[in-house]
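structure_22.cif (mmCIF, C-alpha atoms) appears below.
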data_structure
loop_
_atom_site.group_PDB
_atom_site.id
_atom_site.type_symbol
_atom_site.label_atom_id
_atom_site.label_comp_id
_atom_site.auth_asym_id
_atom_site.auth_seq_id
_atom_site.Cartn_x
_atom_site.Cartn_y
_atom_site.Cartn_z
ATOM 1 C CA MET A 1 58.460 53.969 1.787
ATOM 2 C CA PRO A 2 55.526 51.663 0.962
ATOM 3 C CA TYR A 3 53.884 49.580 3.682
ATOM 4 C CA LEU A 4 50.933 47.207 3.793
ATOM 5 C CA ARG A 5 49.186 46.082 6.969
ATOM 6 C CA VAL A 6 49.294 42.298 7.104
ATOM 7 C CA ASN A 7 47.975 40.372 10.117
ATOM 8 C CA GLN A 8 48.133 43.429 12.402
ATOM 9 C CA VAL A 9 51.664 44.536 11.400
ATOM 10 C CA ASP A 10 52.747 47.087 8.804
ATOM 11 C CA HIS A 11 55.038 45.245 6.397
ATOM 12 C CA TYR A 12 57.641 47.161 4.410
ATOM 13 C CA TYR A 13 57.950 46.158 0.760
ATOM 14 C CA GLU A 14 59.538 47.474 -2.414
ATOM 15 C CA TRP A 15 59.685 46.649 -6.093
ATOM 16 C CA ILE A 16 62.782 46.363 -8.237
ATOM 17 C CA GLY A 17 62.252 46.157 -11.978
ATOM 18 C CA THR A 18 58.902 47.907 -11.998
ATOM 19 C CA GLU A 19 57.222 50.983 -10.565
ATOM 20 C CA THR A 20 55.787 51.132 -7.067
ATOM 21 C CA PRO A 21 52.910 50.426 -6.911
ATOM 22 C CA ARG A 22 53.110 47.716 -9.548
ATOM 23 C CA SER A 23 50.188 47.630 -11.933
ATOM 24 C CA PRO A 24 47.919 44.616 -11.299
ATOM 25 C CA GLN A 25 47.642 44.367 -15.085
ATOM 26 C CA SER A 26 51.371 43.732 -15.513
ATOM 27 C CA HIS A 27 52.197 40.527 -17.383
ATOM 28 C CA ARG A 28 55.800 40.273 -16.179
ATOM 29 C CA PRO A 29 56.445 37.347 -13.822
ATOM 30 C CA VAL A 30 57.015 38.137 -10.152
ATOM 31 C CA LEU A 31 60.042 36.953 -8.173
ATOM 32 C CA VAL A 32 59.650 37.269 -4.386
ATOM 33 C CA PHE A 33 62.713 37.450 -2.136
ATOM 34 C CA ILE A 34 62.565 36.229 1.474
ATOM 35 C CA HIS A 35 65.354 37.139 3.887
ATOM 36 C CA GLY A 36 66.708 35.144 6.815
ATOM 37 C CA TRP A 37 66.724 35.485 10.597
ATOM 38 C CA ALA A 38 67.331 38.999 11.969
ATOM 39 C CA GLY A 39 67.993 40.312 8.455
ATOM 40 C CA SER A 40 66.001 42.343 5.986
ATOM 41 C CA ALA A 41 65.332 42.603 2.275
ATOM 42 C CA ARG A 42 68.306 44.943 1.953
ATOM 43 C CA TYR A 43 70.808 42.159 1.328
ATOM 44 C CA TRP A 44 68.772 40.882 -1.630
ATOM 45 C CA ILE A 45 68.891 44.179 -3.536
ATOM 46 C CA SER A 46 72.001 43.470 -5.624
ATOM 47 C CA THR A 47 70.655 40.055 -6.673
ATOM 48 C CA ALA A 48 67.229 41.468 -7.467
ATOM 49 C CA ARG A 49 68.692 44.221 -9.646
ATOM 50 C CA VAL A 50 70.260 41.593 -11.901
ATOM 51 C CA LEU A 51 67.178 39.363 -12.053
ATOM 52 C CA ALA A 52 64.961 42.386 -12.715
ATOM 53 C CA SER A 53 65.907 42.105 -16.386
ATOM 54 C CA HIS A 54 63.277 39.340 -16.565
ATOM 55 C CA TYR A 55 61.193 39.680 -13.399
ATOM 56 C CA ASP A 56 59.326 42.204 -11.327
ATOM 57 C CA CYS A 57 61.187 41.608 -8.070
ATOM 58 C CA LEU A 58 59.272 41.966 -4.802
ATOM 59 C CA LEU A 59 61.350 42.465 -1.656
ATOM 60 C CA TYR A 60 59.800 42.724 1.802
ATOM 61 C CA ASP A 61 60.784 42.654 5.460
ATOM 62 C CA MET A 62 59.148 39.991 7.578
ATOM 63 C CA ARG A 63 57.246 41.017 10.683
ATOM 64 C CA GLY A 64 59.540 42.096 13.488
ATOM 65 C CA PHE A 65 62.585 42.417 11.225
ATOM 66 C CA GLY A 66 64.076 45.219 9.175
ATOM 67 C CA ARG A 67 61.582 47.996 8.574
ATOM 68 C CA SER A 68 58.519 45.894 9.504
ATOM 69 C CA GLN A 69 58.656 46.920 13.134
ATOM 70 C CA ILE A 70 56.165 45.846 15.779
ATOM 71 C CA THR A 71 54.667 48.700 17.777
ATOM 72 C CA ALA A 72 53.824 48.568 21.470
ATOM 73 C CA ALA A 73 50.110 48.435 20.607
ATOM 74 C CA GLN A 74 50.665 45.385 18.349
ATOM 75 C CA ARG A 75 52.953 43.446 20.677
ATOM 76 C CA ASN A 76 50.340 41.378 22.532
ATOM 77 C CA LEU A 77 48.479 40.449 19.348
ATOM 78 C CA VAL A 78 51.689 39.341 17.680
ATOM 79 C CA ALA A 79 52.740 37.328 20.732
ATOM 80 C CA GLU A 80 49.350 35.583 20.845
ATOM 81 C CA ARG A 81 49.723 34.607 17.205
ATOM 82 C CA GLY A 82 53.139 33.142 17.906
ATOM 83 C CA TYR A 83 56.315 32.714 15.911
ATOM 84 C CA ASP A 84 55.850 29.422 14.087
ATOM 85 C CA LEU A 85 57.416 29.685 10.657
ATOM 86 C CA SER A 86 54.118 28.705 9.047
ATOM 87 C CA THR A 87 52.618 31.968 10.337
ATOM 88 C CA PHE A 88 55.237 33.916 8.372
ATOM 89 C CA ALA A 89 54.157 31.943 5.314
ATOM 90 C CA GLU A 90 50.600 33.105 6.029
ATOM 91 C CA ASP A 91 51.871 36.694 6.182
ATOM 92 C CA LEU A 92 53.360 36.343 2.709
ATOM 93 C CA ALA A 93 50.105 34.943 1.334
ATOM 94 C CA GLN A 94 48.220 37.950 2.713
ATOM 95 C CA LEU A 95 50.814 40.346 1.304
ATOM 96 C CA LEU A 96 50.479 38.826 -2.171
ATOM 97 C CA ALA A 97 46.683 38.964 -1.954
ATOM 98 C CA ALA A 98 46.800 42.651 -1.021
ATOM 99 C CA LEU A 99 49.089 43.302 -3.994
ATOM 100 C CA GLU A 100 46.797 41.260 -6.297
ATOM 101 C CA ILE A 101 49.536 38.812 -7.254
ATOM 102 C CA SER A 102 48.299 35.336 -8.158
ATOM 103 C CA ARG A 103 51.507 33.441 -8.926
ATOM 104 C CA VAL A 104 55.174 33.901 -8.036
ATOM 105 C CA THR A 105 58.645 32.439 -8.124
ATOM 106 C CA LEU A 106 60.426 32.434 -4.760
ATOM 107 C CA ASN A 107 64.044 33.130 -3.852
ATOM 108 C CA ALA A 108 64.567 32.594 -0.133
ATOM 109 C CA HIS A 109 67.540 32.432 2.205
ATOM 110 C CA SER A 110 68.332 30.594 5.452
ATOM 111 C CA MET A 111 65.343 30.734 7.835
ATOM 112 C CA GLY A 112 63.456 32.437 5.024
ATOM 113 C CA ALA A 113 63.976 29.320 2.922
ATOM 114 C CA SER A 114 62.258 27.235 5.609
ATOM 115 C CA ILE A 115 59.375 29.696 5.488
ATOM 116 C CA ALA A 116 59.335 29.339 1.698
ATOM 117 C CA VAL A 117 59.004 25.554 2.034
ATOM 118 C CA PHE A 118 55.974 25.984 4.290
ATOM 119 C CA PHE A 119 54.558 28.580 1.896
ATOM 120 C CA ILE A 120 54.869 26.266 -1.113
ATOM 121 C CA ASN A 121 53.155 23.411 0.690
ATOM 122 C CA GLN A 122 50.399 25.623 2.122
ATOM 123 C CA TYR A 123 49.780 27.555 -1.113
ATOM 124 C CA PRO A 124 51.072 25.427 -4.019
ATOM 125 C CA HIS A 125 48.754 27.191 -6.471
ATOM 126 C CA LEU A 126 50.631 30.452 -5.850
ATOM 127 C CA VAL A 127 54.129 29.170 -6.662
ATOM 128 C CA ASP A 128 55.691 28.423 -10.026
ATOM 129 C CA ARG A 129 59.147 27.392 -8.763
ATOM 130 C CA ALA A 130 61.515 28.169 -5.913
ATOM 131 C CA ILE A 131 65.157 28.836 -5.120
ATOM 132 C CA LEU A 132 66.258 27.995 -1.569
ATOM 133 C CA THR A 133 69.638 29.313 -0.464
ATOM 134 C CA CYS A 134 71.618 27.958 2.503
ATOM 135 C CA ASN A 135 68.979 25.701 3.989
ATOM 136 C CA GLY A 136 68.757 22.030 4.859
ATOM 137 C CA ILE A 137 67.660 19.447 7.394
ATOM 138 C CA PHE A 138 69.181 19.054 10.850
ATOM 139 C CA GLU A 139 69.301 16.076 13.159
ATOM 140 C CA TYR A 140 68.146 16.664 16.715
ATOM 141 C CA ASP A 141 70.895 16.912 19.305
ATOM 142 C CA GLN A 142 69.398 17.861 22.669
ATOM 143 C CA ALA A 143 72.617 19.083 24.279
ATOM 144 C CA ALA A 144 73.672 21.090 21.225
ATOM 145 C CA PHE A 145 70.222 22.633 20.787
ATOM 146 C CA GLU A 146 69.959 23.614 24.446
ATOM 147 C CA ALA A 147 73.381 25.228 24.277
ATOM 148 C CA PHE A 148 72.287 27.061 21.141
ATOM 149 C CA TYR A 149 69.181 28.376 22.908
ATOM 150 C CA ARG A 150 71.236 29.676 25.815
ATOM 151 C CA PHE A 151 73.748 31.333 23.520
ATOM 152 C CA GLY A 152 71.048 32.667 21.183
ATOM 153 C CA GLY A 153 69.108 34.114 24.093
ATOM 154 C CA LEU A 154 72.170 35.966 25.323
ATOM 155 C CA VAL A 155 72.975 37.269 21.841
ATOM 156 C CA VAL A 156 69.440 38.566 21.317
ATOM 157 C CA ARG A 157 69.249 40.074 24.800
ATOM 158 C CA PHE A 158 72.599 41.866 24.697
ATOM 159 C CA ARG A 159 72.309 44.198 21.706
ATOM 160 C CA PRO A 160 73.198 47.727 22.851
ATOM 161 C CA ALA A 161 72.884 50.338 20.131
ATOM 162 C CA TRP A 162 76.471 51.451 20.683
ATOM 163 C CA LEU A 163 77.728 48.205 19.102
ATOM 164 C CA GLY A 164 76.914 49.731 15.747
ATOM 165 C CA ARG A 165 79.263 52.626 16.445
ATOM 166 C CA ILE A 166 82.356 50.487 16.985
ATOM 167 C CA PRO A 167 84.395 50.812 13.750
ATOM 168 C CA LEU A 168 85.336 47.128 13.270
ATOM 169 C CA MET A 169 82.177 45.603 14.750
ATOM 170 C CA PRO A 170 80.421 44.940 11.385
ATOM 171 C CA ARG A 171 83.459 42.944 10.266
ATOM 172 C CA PHE A 172 83.591 40.945 13.516
ATOM 173 C CA PHE A 173 79.819 40.407 13.489
ATOM 174 C CA MET A 174 79.840 38.931 9.962
ATOM 175 C CA ALA A 175 83.025 36.865 10.320
ATOM 176 C CA ARG A 176 81.239 33.602 11.156
ATOM 177 C CA PHE A 177 78.807 33.997 8.262
ATOM 178 C CA LEU A 178 81.327 34.585 5.479
ATOM 179 C CA HIS A 179 84.174 32.783 3.759
ATOM 180 C CA GLN A 180 84.858 35.527 1.224
ATOM 181 C CA PRO A 181 84.647 39.283 1.837
ATOM 182 C CA ILE A 182 81.583 41.303 0.907
ATOM 183 C CA PRO A 183 81.254 45.114 0.585
ATOM 184 C CA ALA A 184 81.595 47.016 3.853
ATOM 185 C CA ALA A 185 78.177 48.628 3.365
ATOM 186 C CA GLU A 186 76.558 45.170 3.362
ATOM 187 C CA LYS A 187 78.249 44.287 6.664
ATOM 188 C CA ILE A 188 77.048 47.515 8.237
ATOM 189 C CA ALA A 189 73.492 46.858 7.041
ATOM 190 C CA PHE A 190 73.546 43.342 8.510
ATOM 191 C CA LEU A 191 74.618 44.627 11.905
ATOM 192 C CA GLU A 192 71.997 47.393 11.833
ATOM 193 C CA ASP A 193 69.248 44.901 11.010
ATOM 194 C CA PHE A 194 70.367 42.590 13.812
ATOM 195 C CA LEU A 195 70.398 45.413 16.347
ATOM 196 C CA ASN A 196 66.940 46.601 15.249
ATOM 197 C CA ALA A 197 65.226 43.195 15.203
ATOM 198 C CA ASP A 198 62.269 42.871 17.562
ATOM 199 C CA TYR A 199 63.363 41.017 20.694
ATOM 200 C CA GLN A 200 60.385 38.658 21.023
ATOM 201 C CA THR A 201 60.318 37.876 17.318
ATOM 202 C CA ALA A 202 64.058 37.229 17.129
ATOM 203 C CA LEU A 203 63.932 34.968 20.173
ATOM 204 C CA GLY A 204 60.696 33.263 19.178
ATOM 205 C CA THR A 205 61.951 32.339 15.716
ATOM 206 C CA ILE A 206 65.140 30.878 17.196
ATOM 207 C CA PHE A 207 63.011 28.435 19.181
ATOM 208 C CA THR A 208 60.704 27.535 16.277
ATOM 209 C CA SER A 209 63.310 27.193 13.515
ATOM 210 C CA VAL A 210 65.902 25.279 15.570
ATOM 211 C CA SER A 211 63.914 22.711 17.524
ATOM 212 C CA LYS A 212 63.170 19.009 17.846
ATOM 213 C CA THR A 213 59.847 19.655 16.123
ATOM 214 C CA ALA A 214 61.591 21.347 13.210
ATOM 215 C CA THR A 215 63.950 18.388 12.749
ATOM 216 C CA GLU A 216 60.906 16.133 12.495
ATOM 217 C CA ILE A 217 58.755 18.363 10.299
ATOM 218 C CA MET A 218 61.207 19.837 7.797
ATOM 219 C CA PRO A 219 62.190 16.532 6.115
ATOM 220 C CA LEU A 220 58.498 15.837 5.555
ATOM 221 C CA GLU A 221 57.969 19.333 4.175
ATOM 222 C CA PHE A 222 60.876 18.992 1.744
ATOM 223 C CA ALA A 223 59.531 15.631 0.585
ATOM 224 C CA ARG A 224 56.085 17.196 -0.022
ATOM 225 C CA LEU A 225 57.274 19.943 -2.376
ATOM 226 C CA THR A 226 55.420 19.850 -5.683
ATOM 227 C CA VAL A 227 57.194 22.579 -7.662
ATOM 228 C CA PRO A 228 60.648 22.590 -9.281
ATOM 229 C CA THR A 229 63.091 23.755 -6.633
ATOM 230 C CA LEU A 230 66.766 24.687 -6.651
ATOM 231 C CA LEU A 231 68.668 24.402 -3.364
ATOM 232 C CA ILE A 232 72.004 26.241 -3.281
ATOM 233 C CA SER A 233 74.603 25.825 -0.519
ATOM 234 C CA GLY A 234 77.816 27.633 0.316
ATOM 235 C CA GLU A 235 80.723 25.195 0.494
ATOM 236 C CA TYR A 236 82.007 26.481 3.846
ATOM 237 C CA ASP A 237 78.721 27.600 5.382
ATOM 238 C CA GLN A 238 79.080 27.338 9.175
ATOM 239 C CA ILE A 239 75.411 28.140 9.850
ATOM 240 C CA THR A 240 73.819 25.523 7.592
ATOM 241 C CA PRO A 241 76.596 23.187 6.426
ATOM 242 C CA ALA A 242 76.442 22.192 2.784
ATOM 243 C CA GLN A 243 75.871 18.508 3.506
ATOM 244 C CA LEU A 244 72.595 19.386 5.225
ATOM 245 C CA GLY A 245 71.429 21.061 2.027
ATOM 246 C CA ARG A 246 72.464 18.042 -0.013
ATOM 247 C CA GLN A 247 70.495 15.778 2.333
ATOM 248 C CA ALA A 248 67.389 17.941 1.922
ATOM 249 C CA ALA A 249 67.721 17.914 -1.868
ATOM 250 C CA ASP A 250 67.962 14.114 -1.863
ATOM 251 C CA LEU A 251 64.500 13.886 -0.294
ATOM 252 C CA ASN A 252 62.639 14.995 -3.412
ATOM 253 C CA PRO A 253 63.335 14.454 -7.141
ATOM 254 C CA LEU A 254 61.963 17.931 -7.860
ATOM 255 C CA ILE A 255 64.858 19.495 -5.939
ATOM 256 C CA SER A 256 68.076 20.152 -7.847
ATOM 257 C CA TYR A 257 71.222 21.060 -5.968
ATOM 258 C CA GLY A 258 74.011 23.571 -6.491
ATOM 259 C CA LEU A 259 77.177 24.187 -4.506
ATOM 260 C CA VAL A 260 78.944 27.548 -4.619
ATOM 261 C CA LYS A 261 82.537 26.762 -3.760
ATOM 262 C CA ALA A 262 84.649 28.857 -1.388
ATOM 263 C CA THR A 263 81.623 30.696 0.072
ATOM 264 C CA GLY A 264 79.875 30.761 3.427
ATOM 265 C CA HIS A 265 76.302 31.590 4.402
ATOM 266 C CA PHE A 266 75.833 34.333 1.784
ATOM 267 C CA PRO A 267 76.947 32.898 -1.567
ATOM 268 C CA MET A 268 74.794 35.432 -3.440
ATOM 269 C CA LEU A 269 77.050 38.178 -2.053
ATOM 270 C CA GLU A 270 80.344 36.318 -1.752
ATOM 271 C CA ASP A 271 80.366 34.931 -5.311
ATOM 272 C CA PRO A 272 77.426 36.514 -7.145
ATOM 273 C CA ALA A 273 78.580 35.381 -10.598
ATOM 274 C CA THR A 274 78.527 31.673 -9.732
ATOM 275 C CA TYR A 275 75.349 32.014 -7.704
ATOM 276 C CA LEU A 276 73.550 33.784 -10.537
ATOM 277 C CA ASN A 277 74.738 31.226 -13.083
ATOM 278 C CA TYR A 278 72.923 28.550 -11.085
ATOM 279 C CA VAL A 279 69.834 30.756 -10.839
ATOM 280 C CA TRP A 280 69.736 31.738 -14.511
ATOM 281 C CA ASP A 281 70.100 28.111 -15.575
ATOM 282 C CA PHE A 282 67.325 27.013 -13.230
ATOM 283 C CA LEU A 283 65.015 29.779 -14.414
ATOM 284 C CA GLY A 284 65.586 28.796 -18.038
ATOM 285 C CA TYR A 285 68.125 31.393 -19.133
ATOM 286 C CA THR A 286 71.698 30.664 -20.137
ATOM 287 C CA SER A 287 72.979 33.908 -18.554
ATOM 288 C CA ASP A 288 72.073 37.446 -17.658
ATOM 289 C CA PRO A 289 70.986 38.996 -20.993
#
Would you write the structure of this file as structure tokens?
Amino acid sequence: MPYLRVNQVDHYYEWIGTETPRSPQSHRPVLVFIHGWAGSARYWISTARVLASHYDCLLYDMRGFGRSQITAAQRNLVAERGYDLSTFAEDLAQLLAALEISRVTLNAHSMGASIAVFFINQYPHLVDRAILTCNGIFEYDQAAFEAFYRFGGLVVRFRPAWLGRIPLMPRFFMARFLHQPIPAAEKIAFLEDFLNADYQTALGTIFTSVSKTATEIMPLEFARLTVPTLLISGEYDQITPAQLGRQAADLNPLISYGLVKATGHFPMLEDPATYLNYVWDFLGYTSDP
């Protein structure tokens, strides 16, 4: 499995649609996939395989998640750097530099979509266009946020490995995220990624992505976007309700909006045909060739 050391941490990455390593002389456009909180690039594979007909698709696991594990020797350095989402955008910039990639299209999900927004605004010269899935802007509610922190802290702290061995646990774990069923293997992978996520990183990103500061900054960041952007919501998303995505899209004329009906937080897996129709149209193709 290929890894690159980025800001003290070995980051797992893989290519779909081209050989690994990808030739720096390749003229095919690059589409980078960014996963969400406590996930990994694994859930983007089926989408990337379709889009690989036109793109070299780069999938990677963010630091502390998936296969980009933080070792004991790296822990203090990572903690000192912190867990602001902008630092994950910096990680991506370093990863692209190491791979000698000068311009990309982004496809990002949930917390990863917030990171993509920071990345676009920090490195606009690197981005051609972007797809943001299941993201939006929240209003600050002190009581609700504090309750979320308490609950999130308990969830992150109580993750015994044996949960993954309970036969129906993947289904129960994913129930709140989905409106339509997805393959059982995907549910198992989600639970495995959650159980393997680095404790400090998982907790730290909860506090930076769901915070009073985030509610103040993210609307400004959406308004600053300078590249064509597609924001896609799931109609019944309980994590980031669709109206919050619509509100974010209304902040900038460069953002177009798509709603995948009868789906939850993973429309790319729950209704891939509709999701990909939005994506193909945005990217300038009528359908998958």
Using the chain letters and numbers from the file, give me the residues hit by the PyMOL selection byres ((chain A and resi 140-153) around 8), as a PyMOL selection string. chain A and resi 138-139+154-157+203+206-207+210-212+215
Check which residues satisfy the PyMOL selection byres ((chain A and resi 55) around 8) in the file shown, then give them as an NGL selection string. :A and (17 or 28-31 or 51-54 or 56-57)
Pull C-alpha atoms from the residues just selected and write them as a PDB file, keeping the file's coordinate frame.
ATOM      1  CA  GLY A  17      62.252  46.157 -11.978  1.00  0.00           C
ATOM      2  CA  ARG A  28      55.800  40.273 -16.179  1.00  0.00           C
ATOM      3  CA  PRO A  29      56.445  37.347 -13.822  1.00  0.00           C
ATOM      4  CA  VAL A  30      57.015  38.137 -10.152  1.00  0.00           C
ATOM      5  CA  LEU A  31      60.042  36.953  -8.173  1.00  0.00           C
ATOM      6  CA  LEU A  51      67.178  39.363 -12.053  1.00  0.00           C
ATOM      7  CA  ALA A  52      64.961  42.386 -12.715  1.00  0.00           C
ATOM      8  CA  SER A  53      65.907  42.105 -16.386  1.00  0.00           C
ATOM      9  CA  HIS A  54      63.277  39.340 -16.565  1.00  0.00           C
ATOM     10  CA  ASP A  56      59.326  42.204 -11.327  1.00  0.00           C
ATOM     11  CA  CYS A  57      61.187  41.608  -8.070  1.00  0.00           C
TER      12      CYS A  57
END
Please identify every residue of range 156-222 of chain A that has at least one atom no farther than 7 Å from an atom of range 231-255 of chain A, counting all atoms listed in the file, and for each give the shortest atom pair and the distance in Å to one decimal, arranged by chain then increasing number, as CSV.
residue,atom,partner,partner_atom,distance
A:Arg176,CA,A:Gln238,CA,6.9
A:Phe177,CA,A:Gln238,CA,6.7
A:His179,CA,A:Tyr236,CA,6.7
A:Pro219,CA,A:Ala248,CA,6.8
A:Phe222,CA,A:Leu251,CA,6.6
Could you tell me how far CA of Phe190 in chain A sits from CA of Ile120 in chain A, in Å to one decimal place?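 So the answer is 27.1 Å.
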Report as a short mmCIF file (atom, residue, chain, number, x, y, z; two decimals) with C-alpha atoms, in the frame of the given file the full result of the PyMOL selection byres ((chain A and resi 44) around 10) when it is applied to this structure.
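Now in result_26.cif:
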data_model
loop_
_atom_site.label_atom_id
_atom_site.label_comp_id
_atom_site.auth_asym_id
_atom_site.auth_seq_id
_atom_site.Cartn_x
_atom_site.Cartn_y
_atom_site.Cartn_z
CA PHE A 33 62.71 37.45 -2.14
CA ILE A 34 62.56 36.23 1.47
CA HIS A 35 65.35 37.14 3.89
CA SER A 40 66.00 42.34 5.99
CA ALA A 41 65.33 42.60 2.28
CA ARG A 42 68.31 44.94 1.95
CA TYR A 43 70.81 42.16 1.33
CA ILE A 45 68.89 44.18 -3.54
CA SER A 46 72.00 43.47 -5.62
CA THR A 47 70.66 40.06 -6.67
CA ALA A 48 67.23 41.47 -7.47
CA ARG A 49 68.69 44.22 -9.65
CA CYS A 57 61.19 41.61 -8.07
CA LEU A 59 61.35 42.46 -1.66
CA TYR A 60 59.80 42.72 1.80
CA ASN A 107 64.04 33.13 -3.85
CA ALA A 108 64.57 32.59 -0.13
CA HIS A 109 67.54 32.43 2.20
CA MET A 268 74.79 35.43 -3.44
CA LEU A 269 77.05 38.18 -2.05
#
Rank nothing, just name the residue among A:Asp193, A:Glu90, A:Asp128, A:Asp61 nearest to Leu225 in chain A, using all atoms listed in the file. A:Asp128
Nearby residues, (58.1, 45.1, 5.9) file frame, 6 Å, all atoms listed in the file, as a PDB file with C-alpha atoms, in the frame of the given file:
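Printed below is part37.pdb as written:
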ATOM      1  CA  HIS A  11      55.038  45.245   6.397  1.00  0.00           C
ATOM      2  CA  TYR A  12      57.641  47.161   4.410  1.00  0.00           C
ATOM      3  CA  TYR A  13      57.950  46.158   0.760  1.00  0.00           C
ATOM      4  CA  TYR A  60      59.800  42.724   1.802  1.00  0.00           C
ATOM      5  CA  ASP A  61      60.784  42.654   5.460  1.00  0.00           C
ATOM      6  CA  MET A  62      59.148  39.991   7.578  1.00  0.00           C
ATOM      7  CA  ARG A  67      61.582  47.996   8.574  1.00  0.00           C
ATOM      8  CA  SER A  68      58.519  45.894   9.504  1.00  0.00           C
TER       9      SER A  68
END
Residues around (74.1, 42.8, 15.7), cut-off 10 Å, counting all atoms listed in the file - what are they as a list in words?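 Using all atoms listed in the file, the matching residues come out as Ala38, Gly39, Val155, Val156, Phe158, Arg159, Pro160, Ala161, Leu163, Gly164, Met169, Pro170, Phe172, Phe173, Met174, Ile188, Ala189, Phe190, Leu191, Glu192, Asp193, Phe194, Leu195, Asn196 and Ala197 of chain A.
Those residues that approach Glu19 in chain A to within 12 Å, counting only C-alpha atoms, are A:Pro2, A:Glu14, A:Trp15, A:Ile16, A:Gly17, A:Pro21, A:Arg22, A:Ser23, A:Pro24, A:Ser26, A:Ala52, A:Asp56, A:Cys57, A:Leu58; same-chain residues fewer than 2 positions away are not listed.
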Start from the incomplete input, build N, CA and C atoms for range 67-84 of chain A, and deliver everything as a PDB file, in the coordinates of the input.
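What landed in part.pdb:
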ATOM      1  N   ARG A  67      62.449  46.838   8.450  1.00  0.00           N
ATOM      2  CA  ARG A  67      61.582  47.996   8.574  1.00  0.00           C
ATOM      3  C   ARG A  67      60.146  47.644   8.938  1.00  0.00           C
ATOM      4  N   SER A  68      59.862  46.344   9.100  1.00  0.00           N
ATOM      5  CA  SER A  68      58.519  45.894   9.504  1.00  0.00           C
ATOM      6  C   SER A  68      58.466  45.764  11.021  1.00  0.00           C
ATOM      7  N   GLN A  69      58.558  46.903  11.687  1.00  0.00           N
ATOM      8  CA  GLN A  69      58.656  46.920  13.134  1.00  0.00           C
ATOM      9  C   GLN A  69      57.302  46.682  13.808  1.00  0.00           C
ATOM     10  N   ILE A  70      57.358  46.107  14.984  1.00  0.00           N
ATOM     11  CA  ILE A  70      56.165  45.846  15.779  1.00  0.00           C
ATOM     12  C   ILE A  70      56.026  46.948  16.822  1.00  0.00           C
ATOM     13  N   THR A  71      54.890  47.609  16.826  1.00  0.00           N
ATOM     14  CA  THR A  71      54.667  48.700  17.777  1.00  0.00           C
ATOM     15  C   THR A  71      54.211  48.141  19.123  1.00  0.00           C
ATOM     16  N   ALA A  72      54.255  48.987  20.135  1.00  0.00           N
ATOM     17  CA  ALA A  72      53.824  48.568  21.470  1.00  0.00           C
ATOM     18  C   ALA A  72      52.364  48.117  21.457  1.00  0.00           C
ATOM     19  N   ALA A  73      51.530  48.784  20.666  1.00  0.00           N
ATOM     20  CA  ALA A  73      50.110  48.435  20.607  1.00  0.00           C
ATOM     21  C   ALA A  73      49.883  47.075  19.940  1.00  0.00           C
ATOM     22  N   GLN A  74      50.813  46.646  19.082  1.00  0.00           N
ATOM     23  CA  GLN A  74      50.665  45.385  18.349  1.00  0.00           C
ATOM     24  C   GLN A  74      51.299  44.207  19.077  1.00  0.00           C
ATOM     25  N   ARG A  75      52.095  44.475  20.100  1.00  0.00           N
ATOM     26  CA  ARG A  75      52.953  43.446  20.677  1.00  0.00           C
ATOM     27  C   ARG A  75      52.176  42.246  21.219  1.00  0.00           C
ATOM     28  N   ASN A  76      51.095  42.492  21.950  1.00  0.00           N
ATOM     29  CA  ASN A  76      50.340  41.378  22.532  1.00  0.00           C
ATOM     30  C   ASN A  76      49.673  40.539  21.451  1.00  0.00           C
ATOM     31  N   LEU A  77      49.120  41.191  20.431  1.00  0.00           N
ATOM     32  CA  LEU A  77      48.479  40.449  19.348  1.00  0.00           C
ATOM     33  C   LEU A  77      49.485  39.572  18.614  1.00  0.00           C
ATOM     34  N   VAL A  78      50.654  40.104  18.371  1.00  0.00           N
ATOM     35  CA  VAL A  78      51.689  39.341  17.680  1.00  0.00           C
ATOM     36  C   VAL A  78      52.139  38.158  18.542  1.00  0.00           C
ATOM     37  N   ALA A  79      52.311  38.405  19.841  1.00  0.00           N
ATOM     38  CA  ALA A  79      52.740  37.328  20.732  1.00  0.00           C
ATOM     39  C   ALA A  79      51.702  36.218  20.802  1.00  0.00           C
ATOM     40  N   GLU A  80      50.416  36.586  20.813  1.00  0.00           N
ATOM     41  CA  GLU A  80      49.350  35.583  20.845  1.00  0.00           C
ATOM     42  C   GLU A  80      49.348  34.733  19.578  1.00  0.00           C
ATOM     43  N   ARG A  81      49.686  35.352  18.469  1.00  0.00           N
ATOM     44  CA  ARG A  81      49.723  34.607  17.205  1.00  0.00           C
ATOM     45  C   ARG A  81      50.909  33.653  17.171  1.00  0.00           C
ATOM     46  N   GLY A  82      51.989  34.025  17.808  1.00  0.00           N
ATOM     47  CA  GLY A  82      53.139  33.142  17.906  1.00  0.00           C
ATOM     48  C   GLY A  82      54.140  33.351  16.787  1.00  0.00           C
ATOM     49  N   TYR A  83      55.188  32.525  16.819  1.00  0.00           N
ATOM     50  CA  TYR A  83      56.315  32.714  15.911  1.00  0.00           C
ATOM     51  C   TYR A  83      56.631  31.458  15.104  1.00  0.00           C
ATOM     52  N   ASP A  84      55.647  30.574  14.967  1.00  0.00           N
ATOM     53  CA  ASP A  84      55.850  29.422  14.087  1.00  0.00           C
ATOM     54  C   ASP A  84      56.136  29.912  12.672  1.00  0.00           C
TER      55      ASP A  84
END
